[in-house]
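Visitor: I'd like to ask some things about the structure below.
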Amino acid sequence: MADLQSHVVMLPFPVQGHVKPMLMLAEVLCHAGFRISFVNTDHIHDIILGNIDKSSFLSQFPGFCFLSIPDGLSPEHPRDISSIIELFTSINSMGKIMFRDLIISLLRQEDLDDKETWQAPCCIIADGIMSLAIDVGEELEIPVITFRTYSATCTWVYFHLEKLIEQREIPVLEGNEDIDGLVTCIPELEKVLRRRDLPSICKCEIDHPTLKFFLEQTSKMKKASGLILNTFEDLEAPIIRQLHSIYSKVYTIGPLQALLKSQLAGSPPIAAPATGSLRQEDRTCISWLDRQPAKSVIYVSFGSVVVMSRDQILEFWHGLINSGKPFLWVIRPDLVFGDGLPEEIMCPTNERGYVVSWAPQVEVLAHCAVGGFLTHSGWNSTLESITVGLPMICWPLIVDQKVNSRCVSDIWRVGLDMKDSCDRSTVEKMVRVLMENQDEEIAKSTTKFANLAQKSVMEGGSSFCNINKLIEDIRSIQSEKDDCKRK
Ligand SMILES: O=c1ccn([C@@H]2O[C@H](COP(=O)(O)OP(=O)(O)O[C@H]3O[C@H](CO)[C@@H](O)[C@H](O)[C@H]3O)[C@@H](O)[C@H]2O)c(=O)[nH]1
């Protein structure tokens, strides 16, 4: 019998910050010889396929197959942050039925197709907030491994939501004098995490449907047979150890960007690699960066979902201008809510500042002209910055971002936390401190963690060993399945 590839189904949550790391993991697994069925929602599927050169991609990853299911929402639905709960709810009801049907059809194909060439899926890797995969996996007896796209630290905080409710730490109330008090019920974080650093979900009243939704997702995902995280051991070792109390198998395989690069080293380069970007990148900013002095530019981006007010944008604008430092700013068309962009920013591109609607971020962060990153502290952005040793100014708003910014400023010391304020004088001051290297400890720590990140993905490094462990474990699930069939 031919040497069949083990088949893995991968199910990301359909937003930028979740699809991109899942796609990178899929590419690593495909490169290792697995057949991959990558299941997007129809909406994301069309965007991804519109953004890649499919034939060149498939020649590099022949075992890769993009599949899709409806998310249950109408084509006109905005699928933005203001309606994210509708997306969650719809996927977990309608999407679940479609996902189940799709898995059944993949299982049946084994009976229909040539047994020499087709292998039914042996496991599902699903995003940590796609618990529908757990239900489908249980019913169809396929193991599910969960991939949380947050840091280990924030994942650990989510596992304490119930305890936070019990201890009356939730809801976190803005303006409450206790907001700077330490949260003492989360092991390893007792001395560092304040109430104001908790995830945004902790602002909800305890009977709020969003909080209930996340409690349910988190507890269901505990049933997964393993946990994958896009982080590396040297960054979050104490927390990763704690997570072993929930999962017997924890695979920390980050930074995925660097892991993918090192795994593909030596393979023929693809003409148009899949960047996992759901928007069109404006590459003119690279030529602008090429004309700037080394380490002079501050890169500003608030990720793919955060929205802000016109006043907040103006404060950042004036703070950046007043700092006197050149800046490259990603202003998505949907970044500002309310009255739209202030006039000053409508045609802002000049010698000092350059504005694009979406940048090739990984390339920008690694560009020699860039000396700092003003970020919303999304986990992908944070890790991408750490990987290239770029110090950060953090202005976190939602989900996990406030936890990340606290780690950046107070645990890893690779940046400054500007949490809860963005007046122009603070922005100006922080930009100067960062860009003029006024904080020596930050300079040292960024270099230290960038080296450790690179080391982790090289042969013998922790993420290198963990991805091999994951590959081995999936292969043994396949062998067990094959043994059962033979009996
Ligand atoms: O102009 C840009 C801006 C961003 N990016 C990329 O887009 C991704 C953005 O991801 P992230 O930094 O994690 O931010 P969000 O898009 O906001 O991600 C959501 O999902 C993340 C993972 O769960 C969470 O950590 C965030 O808080 C949540 O907002 C990164 O890979 C960036 O490289 C670009 O390619 N070009």
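By convention in this document, the chains of the structure tokens carry letters A, B, ... by their order, each chain's residues are numbered from 1, and ligands are numbered from 1 in the order they are shown.
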Name each residue within 9 Å of ligand 1, counting only C-alpha atoms and all ligand atoms, as a ChimeraX atom specification.
Guide: /A:15-21,81,148-151,275-282,300-306,329-332,356-365,375-384,396-402,404
Visitor: Selection from above, C-alpha atoms, as a PDB file, in the first residue's frame, can you write it?
Guide:
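Writing done, so here's again02.pdb:
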ATOM      1  CA  VAL A  15     -10.917  37.030  11.716  1.00  0.00           C
ATOM      2  CA  GLN A  16      -7.452  38.221  10.689  1.00  0.00           C
ATOM      3  CA  GLY A  17      -5.612  37.649  13.984  1.00  0.00           C
ATOM      4  CA  HIS A  18      -6.837  34.029  14.131  1.00  0.00           C
ATOM      5  CA  VAL A  19      -6.692  32.965  10.468  1.00  0.00           C
ATOM      6  CA  LYS A  20      -3.086  34.063   9.932  1.00  0.00           C
ATOM      7  CA  PRO A  21      -1.384  31.995  12.671  1.00  0.00           C
ATOM      8  CA  ILE A  81     -16.127  44.016  16.009  1.00  0.00           C
ATOM      9  CA  ARG A 148      -5.395  29.347  21.275  1.00  0.00           C
ATOM     10  CA  THR A 149      -4.205  32.419  19.405  1.00  0.00           C
ATOM     11  CA  TYR A 150      -3.568  34.358  22.631  1.00  0.00           C
ATOM     12  CA  SER A 151      -0.419  34.352  24.743  1.00  0.00           C
ATOM     13  CA  THR A 275       0.831  36.042   3.876  1.00  0.00           C
ATOM     14  CA  GLY A 276      -2.467  35.229   5.571  1.00  0.00           C
ATOM     15  CA  SER A 277      -3.373  38.873   5.034  1.00  0.00           C
ATOM     16  CA  LEU A 278      -7.081  39.465   4.538  1.00  0.00           C
ATOM     17  CA  ARG A 279      -6.506  42.964   3.131  1.00  0.00           C
ATOM     18  CA  GLN A 280      -4.511  44.331   0.221  1.00  0.00           C
ATOM     19  CA  GLU A 281      -1.050  45.371   1.395  1.00  0.00           C
ATOM     20  CA  ASP A 282       0.188  48.790   0.274  1.00  0.00           C
ATOM     21  CA  VAL A 300       1.969  52.696  14.226  1.00  0.00           C
ATOM     22  CA  SER A 301      -0.744  50.068  13.792  1.00  0.00           C
ATOM     23  CA  PHE A 302      -3.801  49.044  15.780  1.00  0.00           C
ATOM     24  CA  GLY A 303      -4.369  45.670  14.103  1.00  0.00           C
ATOM     25  CA  SER A 304      -7.399  44.518  12.174  1.00  0.00           C
ATOM     26  CA  VAL A 305     -10.390  44.980  14.486  1.00  0.00           C
ATOM     27  CA  VAL A 306      -9.822  47.817  16.968  1.00  0.00           C
ATOM     28  CA  TRP A 329       0.848  54.738  10.341  1.00  0.00           C
ATOM     29  CA  VAL A 330      -1.676  52.093   9.253  1.00  0.00           C
ATOM     30  CA  ILE A 331      -5.088  53.787   9.154  1.00  0.00           C
ATOM     31  CA  ARG A 332      -7.635  51.221   7.994  1.00  0.00           C
ATOM     32  CA  VAL A 356      -1.288  53.413   4.410  1.00  0.00           C
ATOM     33  CA  SER A 357      -4.534  51.511   4.815  1.00  0.00           C
ATOM     34  CA  TRP A 358      -2.741  48.161   5.324  1.00  0.00           C
ATOM     35  CA  ALA A 359       0.984  47.385   5.436  1.00  0.00           C
ATOM     36  CA  PRO A 360       3.131  44.288   4.900  1.00  0.00           C
ATOM     37  CA  GLN A 361       3.610  44.381   8.663  1.00  0.00           C
ATOM     38  CA  VAL A 362       6.118  41.582   9.165  1.00  0.00           C
ATOM     39  CA  GLU A 363       8.397  43.135   6.544  1.00  0.00           C
ATOM     40  CA  VAL A 364       7.923  46.615   8.014  1.00  0.00           C
ATOM     41  CA  LEU A 365       8.839  45.462  11.532  1.00  0.00           C
ATOM     42  CA  THR A 375       0.732  48.959  18.849  1.00  0.00           C
ATOM     43  CA  HIS A 376      -2.677  47.905  20.174  1.00  0.00           C
ATOM     44  CA  SER A 377      -0.935  44.828  21.658  1.00  0.00           C
ATOM     45  CA  GLY A 378      -2.749  42.162  19.650  1.00  0.00           C
ATOM     46  CA  TRP A 379      -0.880  38.920  20.299  1.00  0.00           C
ATOM     47  CA  ASN A 380       0.383  38.468  16.724  1.00  0.00           C
ATOM     48  CA  SER A 381       1.735  42.021  16.564  1.00  0.00           C
ATOM     49  CA  THR A 382       3.337  41.662  19.993  1.00  0.00           C
ATOM     50  CA  LEU A 383       5.107  38.437  19.080  1.00  0.00           C
ATOM     51  CA  GLU A 384       6.142  39.693  15.633  1.00  0.00           C
ATOM     52  CA  PRO A 396      -4.341  48.167  24.349  1.00  0.00           C
ATOM     53  CA  LEU A 397      -8.114  48.297  24.109  1.00  0.00           C
ATOM     54  CA  ILE A 398      -9.950  44.988  23.873  1.00  0.00           C
ATOM     55  CA  VAL A 399      -9.886  41.218  24.377  1.00  0.00           C
ATOM     56  CA  ASP A 400      -6.421  40.037  25.518  1.00  0.00           C
ATOM     57  CA  GLN A 401      -4.555  43.250  24.736  1.00  0.00           C
ATOM     58  CA  LYS A 402      -4.370  44.698  28.257  1.00  0.00           C
ATOM     59  CA  ASN A 404      -0.261  41.533  26.741  1.00  0.00           C
TER      60      ASN A 404
END
Visitor: Which neighbours of Ile206 in chain A fall inside 9 Å, counting only C-alpha atoms, when residues of the same chain fewer than 6 positions from it are skipped, and could you give them as number ranges by chain?
Guide: A: 165, 170-171, 212
Visitor: Find the distance between CA of Cys407 in chain A and CA of Glu216 in chain A and write it in Å to one decimal.
Guide: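 Separation of CA of Cys407 in chain A and CA of Glu216 in chain A: 26.1 Å.
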Visitor: Range 284-428 of chain A: which residues are strand (DSSP E) by DSSP, as a list in words?
Guide: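 Strand (DSSP E) members of range 284-428 of chain A, listed: Val297, Ile298, Tyr299, Val300, Ser301, Phe327, Leu328, Trp329, Val330, Gly353, Tyr354, Val355, Val356, Val370, Gly371, Gly372, Phe373, Leu374, Thr375, Met392, Ile393, Cys394, Gly415, Leu416 and Asp417 of chain A.
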Visitor: I'd like the interatomic distance between CA of Pro268 in chain A and CA of Gly461 in chain A, to a tenth of an Å.
Guide: 23.9 Å
Visitor: Within 10 Å of His77 in chain A, counting only C-alpha atoms, which residues show up once you throw out same-chain ones fewer than 4 positions away? Write them as number ranges by chain, please.
Guide: A: 73, 83, 86-87
Visitor: Would you save the residues of that selection, restricted to all heavy atoms, as a CSV table (one decimal), in the first residue's frame?
Guide:
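out_22.csv written:
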chain,number,residue,atom,x,y,z
A,73,LEU,N,-24.4,33.9,8.4
A,73,LEU,CA,-24.8,35.3,8.3
A,73,LEU,C,-25.1,35.7,6.8
A,73,LEU,O,-24.6,35.1,5.9
A,73,LEU,CB,-23.7,36.2,8.9
A,73,LEU,CG,-23.4,36.0,10.4
A,73,LEU,CD1,-22.2,36.8,10.8
A,73,LEU,CD2,-24.6,36.4,11.2
A,83,SER,N,-20.3,43.5,15.9
A,83,SER,CA,-21.3,42.5,15.8
A,83,SER,C,-20.6,41.1,15.9
A,83,SER,O,-21.1,40.1,15.5
A,83,SER,CB,-22.0,42.5,14.4
A,83,SER,OG,-21.0,42.6,13.4
A,86,GLU,N,-22.6,38.1,17.2
A,86,GLU,CA,-23.5,37.5,16.2
A,86,GLU,C,-22.7,36.5,15.4
A,86,GLU,O,-23.3,35.4,15.1
A,86,GLU,CB,-24.1,38.6,15.3
A,86,GLU,CG,-25.2,39.3,15.9
A,86,GLU,CD,-25.6,40.5,15.0
A,86,GLU,OE1,-25.5,40.4,13.8
A,86,GLU,OE2,-25.9,41.6,15.6
A,87,LEU,N,-21.5,36.8,15.1
A,87,LEU,CA,-20.7,35.9,14.3
A,87,LEU,C,-20.4,34.6,15.1
A,87,LEU,O,-20.6,33.5,14.6
A,87,LEU,CB,-19.4,36.6,13.9
A,87,LEU,CG,-18.4,35.8,13.0
A,87,LEU,CD1,-19.0,35.4,11.7
A,87,LEU,CD2,-17.1,36.7,12.8
Visitor: Find the distance between CA of Gly266 in chain A and CA of Asp234 in chain A and write it in Å to one decimal.
Guide: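 Result for CA of Gly266 in chain A versus CA of Asp234 in chain A: 26.5 Å, one decimal.
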Visitor: Within 12 Å of Thr89 in chain A, counting only C-alpha atoms, which residues show up once you throw out same-chain ones fewer than 3 positions away? Write them as a list in words, please.
Guide: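 In the requested format, the answer is Asp71, Gly72, Leu73, Ser83, Ile84, Ile85, Glu86, Asn92, Ser93, Met94, Gly95, Lys96, Ile129, Met130, Ser131, Leu132, Pro209, Thr210, Lys212, Phe213, Phe214 and Gln217 of chain A.
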Visitor: Quick one: residues within 9 Å of Leu11 in chain A, only C-alpha atoms counted, chain neighbours fewer than 3 positions away excluded, as a PyMOL selection string?
Guide: chain A and resi 14+19+22+37-40+124-127+130+133
Visitor: I need the residues in range 85-327 of chain A that are alpha helix (DSSP H) according to DSSP; give them as a ChimeraX atom specification.
Guide: /A:85-90,96-112,132-140,152-158,161-166,209-221,233-243,256-264,284-290,310-323
Visitor: List as a PyMOL selection string the protein and nucleic acid residues near Ile393 in chain A, meaning an atom at most 12 Å away when only C-alpha atoms are counted, but skip any in the same chain fewer than 5 places from it.
Guide: chain A and resi 298-302+371-377+381-382+385+404-406+408-409+413-419+422+426-435+442
Visitor: Generate a file of the selected residues that holds N, CA and C atoms, formatted as a CSV table (one decimal), in the first residue's frame.
Guide:
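Result file again18.csv:
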chain,number,residue,atom,x,y,z
A,298,ILE,N,9.0,55.4,13.7
A,298,ILE,CA,8.1,54.7,14.6
A,298,ILE,C,6.9,54.2,13.7
A,299,TYR,N,6.7,52.9,13.8
A,299,TYR,CA,5.6,52.2,13.0
A,299,TYR,C,4.3,52.2,13.9
A,300,VAL,N,3.2,52.6,13.4
A,300,VAL,CA,2.0,52.7,14.2
A,300,VAL,C,0.9,51.8,13.6
A,301,SER,N,0.4,50.9,14.3
A,301,SER,CA,-0.7,50.1,13.8
A,301,SER,C,-1.6,49.5,14.9
A,302,PHE,N,-2.9,49.5,14.7
A,302,PHE,CA,-3.8,49.0,15.8
A,302,PHE,C,-4.5,47.8,15.3
A,371,GLY,N,12.4,51.8,14.2
A,371,GLY,CA,13.1,51.7,15.5
A,371,GLY,C,12.1,51.5,16.6
A,372,GLY,N,10.8,51.5,16.4
A,372,GLY,CA,9.9,51.3,17.4
A,372,GLY,C,8.5,51.0,16.9
A,373,PHE,N,7.6,50.5,17.7
A,373,PHE,CA,6.3,50.1,17.3
A,373,PHE,C,5.2,50.5,18.3
A,374,LEU,N,4.3,51.4,17.8
A,374,LEU,CA,3.2,51.8,18.6
A,374,LEU,C,2.0,50.9,18.3
A,375,THR,N,1.6,50.1,19.2
A,375,THR,CA,0.7,49.0,18.8
A,375,THR,C,-0.5,48.9,19.8
A,376,HIS,N,-1.5,48.2,19.3
A,376,HIS,CA,-2.7,47.9,20.2
A,376,HIS,C,-2.5,46.6,21.0
A,377,SER,N,-1.3,46.0,20.9
A,377,SER,CA,-0.9,44.8,21.7
A,377,SER,C,-1.7,43.6,21.3
A,381,SER,N,0.9,40.9,16.7
A,381,SER,CA,1.7,42.0,16.6
A,381,SER,C,2.8,42.0,17.7
A,382,THR,N,2.4,41.7,18.9
A,382,THR,CA,3.3,41.7,20.0
A,382,THR,C,4.5,40.7,19.7
A,385,SER,N,6.8,41.6,16.9
A,385,SER,CA,7.7,42.7,17.3
A,385,SER,C,8.9,42.1,18.2
A,404,ASN,N,-1.5,41.5,27.5
A,404,ASN,CA,-0.3,41.5,26.7
A,404,ASN,C,0.6,42.8,27.1
A,405,SER,N,-0.1,43.9,27.1
A,405,SER,CA,0.7,45.2,27.3
A,405,SER,C,1.4,45.2,28.7
A,406,ARG,N,0.7,44.6,29.7
A,406,ARG,CA,1.3,44.5,31.0
A,406,ARG,C,2.5,43.6,31.0
A,408,VAL,N,4.4,43.0,28.4
A,408,VAL,CA,5.4,43.7,27.7
A,408,VAL,C,6.2,44.7,28.6
A,409,SER,N,5.4,45.5,29.4
A,409,SER,CA,6.1,46.5,30.1
A,409,SER,C,6.6,46.0,31.5
A,413,ARG,N,9.8,43.5,29.9
A,413,ARG,CA,10.5,44.8,29.8
A,413,ARG,C,10.9,45.1,28.4
A,414,VAL,N,10.0,44.8,27.4
A,414,VAL,CA,10.4,45.1,26.0
A,414,VAL,C,9.6,46.3,25.5
A,415,GLY,N,9.0,47.1,26.4
A,415,GLY,CA,8.3,48.3,25.9
A,415,GLY,C,7.6,49.0,27.0
A,416,LEU,N,6.8,50.0,26.6
A,416,LEU,CA,6.1,50.8,27.6
A,416,LEU,C,4.6,50.6,27.5
A,417,ASP,N,3.9,50.7,28.6
A,417,ASP,CA,2.4,50.5,28.6
A,417,ASP,C,1.7,51.9,28.7
A,418,MET,N,0.9,52.3,27.7
A,418,MET,CA,0.3,53.6,27.7
A,418,MET,C,-1.2,53.4,28.0
A,419,LYS,N,-1.5,52.2,28.6
A,419,LYS,CA,-2.9,51.8,28.8
A,419,LYS,C,-3.8,52.9,29.4
A,422,CYS,N,-4.4,58.4,26.1
A,422,CYS,CA,-3.7,58.7,24.8
A,422,CYS,C,-3.7,60.2,24.5
A,426,THR,N,1.3,62.6,26.4
A,426,THR,CA,1.8,61.3,26.8
A,426,THR,C,2.3,60.6,25.5
A,427,VAL,N,1.6,60.7,24.4
A,427,VAL,CA,2.1,60.1,23.2
A,427,VAL,C,3.5,60.6,22.8
A,428,GLU,N,3.6,61.9,22.8
A,428,GLU,CA,4.9,62.6,22.5
A,428,GLU,C,6.0,62.1,23.4
A,429,LYS,N,5.7,62.1,24.7
A,429,LYS,CA,6.7,61.7,25.7
A,429,LYS,C,7.2,60.2,25.5
A,430,MET,N,6.2,59.4,25.3
A,430,MET,CA,6.5,57.9,25.2
A,430,MET,C,7.3,57.7,23.9
A,431,VAL,N,6.9,58.4,22.8
A,431,VAL,CA,7.6,58.2,21.5
A,431,VAL,C,9.1,58.6,21.7
A,432,ARG,N,9.3,59.7,22.4
A,432,ARG,CA,10.7,60.2,22.5
A,432,ARG,C,11.5,59.2,23.4
A,433,VAL,N,10.9,58.7,24.5
A,433,VAL,CA,11.6,57.8,25.4
A,433,VAL,C,12.0,56.6,24.6
A,434,LEU,N,11.1,56.1,23.8
A,434,LEU,CA,11.3,54.8,23.1
A,434,LEU,C,12.4,55.0,22.0
A,435,MET,N,12.1,56.1,21.2
A,435,MET,CA,13.0,56.2,20.0
A,435,MET,C,14.4,56.8,20.3
A,442,ILE,N,15.1,48.3,28.4
A,442,ILE,CA,14.2,47.9,27.3
A,442,ILE,C,15.1,47.5,26.1
Visitor: Between A:Gly137, A:Leu259, A:Gly50, A:Gln438, which has the minimum distance to Asn468 in chain A (counting only C-alpha atoms)?
Guide: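 For Asn468 in chain A, the nearest of the given residues is A:Leu259.
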Visitor: If we count only C-alpha atoms and set the cut-off at 6 Å, which residues sit around range 241-254 of chain A, ignoring sequence neighbours fewer than 5 positions away in its own chain? Please answer as a PyMOL selection string.
Guide: chain A and resi 226-232+463+466-467
Visitor: Restricting it to N, CA, C and O atoms, dump the selection as a PDB file, in the first residue's frame.
Guide:
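Result file again-v7.pdb:
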ATOM      1  N   GLY A 226      -5.194  18.337  23.429  1.00  0.00           N
ATOM      2  CA  GLY A 226      -3.931  19.049  23.578  1.00  0.00           C
ATOM      3  C   GLY A 226      -4.133  20.524  23.296  1.00  0.00           C
ATOM      4  O   GLY A 226      -5.167  20.926  22.754  1.00  0.00           O
ATOM      5  N   LEU A 227      -3.137  21.312  23.692  1.00  0.00           N
ATOM      6  CA  LEU A 227      -3.221  22.763  23.520  1.00  0.00           C
ATOM      7  C   LEU A 227      -2.009  23.246  22.720  1.00  0.00           C
ATOM      8  O   LEU A 227      -0.862  22.936  23.073  1.00  0.00           O
ATOM      9  N   ILE A 228      -2.283  23.986  21.648  1.00  0.00           N
ATOM     10  CA  ILE A 228      -1.196  24.583  20.849  1.00  0.00           C
ATOM     11  C   ILE A 228      -1.180  26.081  21.131  1.00  0.00           C
ATOM     12  O   ILE A 228      -2.237  26.721  21.164  1.00  0.00           O
ATOM     13  N   LEU A 229       0.016  26.638  21.326  1.00  0.00           N
ATOM     14  CA  LEU A 229       0.130  28.084  21.549  1.00  0.00           C
ATOM     15  C   LEU A 229       1.229  28.675  20.682  1.00  0.00           C
ATOM     16  O   LEU A 229       2.308  28.073  20.533  1.00  0.00           O
ATOM     17  N   ASN A 230       0.946  29.860  20.136  1.00  0.00           N
ATOM     18  CA  ASN A 230       1.956  30.574  19.365  1.00  0.00           C
ATOM     19  C   ASN A 230       2.779  31.442  20.322  1.00  0.00           C
ATOM     20  O   ASN A 230       2.585  32.645  20.439  1.00  0.00           O
ATOM     21  N   THR A 231       3.677  30.756  21.048  1.00  0.00           N
ATOM     22  CA  THR A 231       4.572  31.454  21.967  1.00  0.00           C
ATOM     23  C   THR A 231       5.811  30.584  22.109  1.00  0.00           C
ATOM     24  O   THR A 231       5.899  29.534  21.483  1.00  0.00           O
ATOM     25  N   PHE A 232       6.785  31.012  22.919  1.00  0.00           N
ATOM     26  CA  PHE A 232       7.945  30.129  23.113  1.00  0.00           C
ATOM     27  C   PHE A 232       8.310  30.059  24.591  1.00  0.00           C
ATOM     28  O   PHE A 232       7.992  30.963  25.372  1.00  0.00           O
ATOM     29  N   SER A 463      10.621  25.316  20.537  1.00  0.00           N
ATOM     30  CA  SER A 463       9.496  25.280  19.582  1.00  0.00           C
ATOM     31  C   SER A 463       9.772  24.266  18.470  1.00  0.00           C
ATOM     32  O   SER A 463       8.851  23.597  17.988  1.00  0.00           O
ATOM     33  N   ASN A 466       8.937  21.011  20.009  1.00  0.00           N
ATOM     34  CA  ASN A 466       7.494  20.857  20.229  1.00  0.00           C
ATOM     35  C   ASN A 466       6.726  20.623  18.929  1.00  0.00           C
ATOM     36  O   ASN A 466       5.749  19.875  18.921  1.00  0.00           O
ATOM     37  N   ILE A 467       7.159  21.248  17.831  1.00  0.00           N
ATOM     38  CA  ILE A 467       6.437  20.998  16.578  1.00  0.00           C
ATOM     39  C   ILE A 467       6.690  19.541  16.148  1.00  0.00           C
ATOM     40  O   ILE A 467       5.778  18.863  15.665  1.00  0.00           O
TER      41      ILE A 467
END
Visitor: Calculated over only C-alpha atoms, which of the candidates A:Val307, A:Ile44, A:Leu161, A:Ile411 has the smallest distance to Lys191 in chain A?
Guide: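 Using only C-alpha atoms, Lys191 in chain A sits closest to A:Ile411.
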